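What follows is one structure encoded as structure tokens, with my remarks underneath.
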Amino acid sequence: FIVDKQWITDPGNKLTRPDGNGHFNSVIGIGDSLIFQLPGFTNAKNVVLSGNFNGWNTGELFMDKAKNGWKLDYVLPAGNYEYKFIVDGTWKVDPANPFTVGSGDHQNSFLAVKANATFTLDHYPDAAKVILTGSFNDWSMDDYRMIKKNGKWIFPIYLNPGKYTYKFIVDDKWIVDPDNDLWENNDYGSRNSILWIEP
């Protein structure tokens, strides 16, 4: 609140968080809490959760030390998110989450909250790398790395209702979804698979 030009937190709400600029803000979380956990690093002085859900703020979401690591309850609505942990100044992907986007120093952990679509590729068990790309991520060739589970490549995602076009990139080769009969021609003389998400 701003009382006669003086900024104050809510005296009726004990839950506050630093804003990364030396001040604190009152916090209200509406929805289901997620528990972010980082095992180990018990000798670390502080661990921070940072992601696209908070503008990659490095001084806001300080995690609590737990018995075997660090944890933080945080409320996020349905959607797709990227995040990392900052352990005493060092950025780390989530070792317990196999889903990532990007590569090298720009690799982030990926989380789909209330995922409503799981892309599956069942015909390339020996592939070294499979990327999911489409209209939902501007046809990025480096995001949405699928993981292999029980011989199939999978990637869960949250999508708003509507029509989406997509392909898989299997070891640098672009292919349509062999198990999806819905497709359309594209501007490059090939085809794109189609997915409809109902309201």
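In the structure tokens, the first chain shown is A, the next is B, and so on; residue numbers restart at 1 for each chain, and ligands run from 1 in the order shown.
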
List every residue of segment 35-119 of chain A that has an atom at most 12 Å from any atom of segment 8-19 of chain A, giving for each one its closest atom pair and the distance in Å to one decimal, counting only C-alpha atoms, sorted by chain and then by ascending residue number, as a tab-separated table.
residue	atom	partner	partner_atom	distance
A:Val48	CA	A:Pro18	CA	11.4
A:Asn54	CA	A:Asp19	CA	10.0
A:Gly55	CA	A:Asp19	CA	11.1
A:Trp56	CA	A:Asp19	CA	11.5
A:Asn57	CA	A:Asp19	CA	8.0
A:Thr58	CA	A:Asp19	CA	9.1
A:Gly59	CA	A:Asp19	CA	6.5
A:Glu60	CA	A:Pro18	CA	4.9
A:Leu61	CA	A:Arg17	CA	7.1
A:Phe62	CA	A:Arg17	CA	8.4
A:Met63	CA	A:Arg17	CA	11.0
A:Tyr74	CA	A:Arg17	CA	11.6

Residues of segment 23-180 of chain A in helix (DSSP H, G or I) according to DSSP, as a list in words?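 For segment 23-180 of chain A, the helix (DSSP H, G or I) set is Asn52, Phe53, Asn54, Gly104, Asp105, His106, Ser135, Phe136 and Asn137 of chain A.
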
Identify which of the residues A:Ser50, A:Ala128, A:Tyr81, A:Asp177 lies closest to Gly20 of chain A, counting only C-alpha atoms when measuring atom-to-atom distances.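 Of the candidates, the smallest distance to Gly20 of chain A is held by A:Ser50.
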
Length of the atom CA of His23 of chain A to atom CA of Ile2 of chain A vector [Å]: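 Going from atom CA of His23 of chain A over to atom CA of Ile2 of chain A, I get 13.8 Å.
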
Running DSSP on the backbone, which parts of segment 89-133 of chain A land in strand (DSSP E), as a short mmCIF file (atom, residue, chain, number, x, y, z; two decimals) with C-alpha atoms, in the first residue's frame?
data_model
loop_
_atom_site.label_atom_id
_atom_site.label_comp_id
_atom_site.auth_asym_id
_atom_site.auth_seq_id
_atom_site.Cartn_x
_atom_site.Cartn_y
_atom_site.Cartn_z
CA THR A 90 25.77 -20.49 -9.52
CA TRP A 91 22.86 -21.19 -11.88
CA LYS A 92 21.76 -24.85 -12.06
CA THR A 100 14.71 -28.82 -20.55
CA VAL A 101 14.72 -26.13 -23.21
CA ASN A 108 16.66 -24.11 -18.51
CA SER A 109 14.44 -26.60 -16.78
CA PHE A 110 10.93 -26.78 -18.28
CA LEU A 111 7.69 -27.24 -16.36
CA ALA A 112 4.18 -27.58 -17.79
CA VAL A 113 1.63 -26.85 -15.06
CA ALA A 117 -1.25 -32.34 -24.25
CA THR A 118 1.56 -34.89 -24.33
CA PHE A 119 3.36 -35.28 -27.63
CA THR A 120 4.57 -38.83 -28.25
CA LEU A 121 6.88 -40.27 -30.91
CA VAL A 130 14.38 -35.46 -30.65
CA ILE A 131 12.99 -31.91 -30.60
CA LEU A 132 9.32 -30.94 -30.58
CA THR A 133 8.70 -27.77 -32.57
#

Out of A:Leu34, A:Ala115, A:Val27, A:Leu72, which residue has the shortest atom-to-atom distance to Asn160 of chain A when counting only C-alpha atoms? A:Ala115

Under the rule that only C-alpha atoms are counted, which of A:Gly29, A:Pro178, A:Gly189, A:Gly40 is the nearest residue to Val75 of chain A?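 Of all the options, A:Gly29 lies closest to Val75 of chain A.
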
Write out as an mmCIF file with N, CA, C and O atoms, in the first residue's frame which residues come within 9 Å of Val87 of chain A when counting only C-alpha atoms, dropping same-chain ones fewer than 5 positions away.
data_model
loop_
_atom_site.group_PDB
_atom_site.id
_atom_site.type_symbol
_atom_site.label_atom_id
_atom_site.label_comp_id
_atom_site.auth_asym_id
_atom_site.auth_seq_id
_atom_site.Cartn_x
_atom_site.Cartn_y
_atom_site.Cartn_z
ATOM 1 N N PHE A 41 23.183 -29.952 -1.647
ATOM 2 C CA PHE A 41 23.674 -28.584 -1.441
ATOM 3 C C PHE A 41 23.375 -28.091 -0.022
ATOM 4 O O PHE A 41 23.059 -26.918 0.196
ATOM 5 N N ALA A 44 25.210 -25.042 1.261
ATOM 6 C CA ALA A 44 25.034 -23.754 0.584
ATOM 7 C C ALA A 44 24.500 -22.707 1.555
ATOM 8 O O ALA A 44 23.763 -23.024 2.503
ATOM 9 N N LYS A 45 24.868 -21.458 1.335
ATOM 10 C CA LYS A 45 24.382 -20.373 2.196
ATOM 11 C C LYS A 45 22.978 -19.945 1.801
ATOM 12 O O LYS A 45 22.147 -19.639 2.649
ATOM 13 N N ASN A 46 22.711 -19.872 0.505
ATOM 14 C CA ASN A 46 21.345 -19.579 0.073
ATOM 15 C C ASN A 46 21.109 -20.139 -1.322
ATOM 16 O O ASN A 46 22.026 -20.264 -2.127
ATOM 17 N N VAL A 47 19.860 -20.490 -1.564
ATOM 18 C CA VAL A 47 19.425 -21.012 -2.856
ATOM 19 C C VAL A 47 18.191 -20.227 -3.286
ATOM 20 O O VAL A 47 17.257 -20.043 -2.494
ATOM 21 N N VAL A 48 18.198 -19.766 -4.521
ATOM 22 C CA VAL A 48 17.115 -18.934 -5.038
ATOM 23 C C VAL A 48 16.476 -19.640 -6.227
ATOM 24 O O VAL A 48 17.174 -20.225 -7.064
ATOM 25 N N LYS A 92 21.814 -23.410 -11.827
ATOM 26 C CA LYS A 92 21.762 -24.846 -12.060
ATOM 27 C C LYS A 92 20.364 -25.245 -12.533
ATOM 28 O O LYS A 92 19.365 -24.746 -12.002
#

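Proximity ranking of A:Asn25, A:Asn150, A:Asn52, A:Ser193 relative to Lys163 of chain A places A:Ser193 first, based on only C-alpha atoms.
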
List as JSON, numbers by chain the protein and nucleic acid residues near Asn43 of chain A, meaning an atom at most 12 Å away when only C-alpha atoms are counted, but skip any in the same chain fewer than 5 places from it. {"A": [65, 66, 67, 68, 69, 70, 87, 88]}

Nearest to Ser135 of chain A, restricted to only C-alpha atoms and choosing among A:Asn80, A:Gln107, A:Asn192, A:Ser26, comes out as A:Asn192

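Going from atom CA of Asn186 of chain A to atom CA of Gly79 of chain A covers 27.5 Å.
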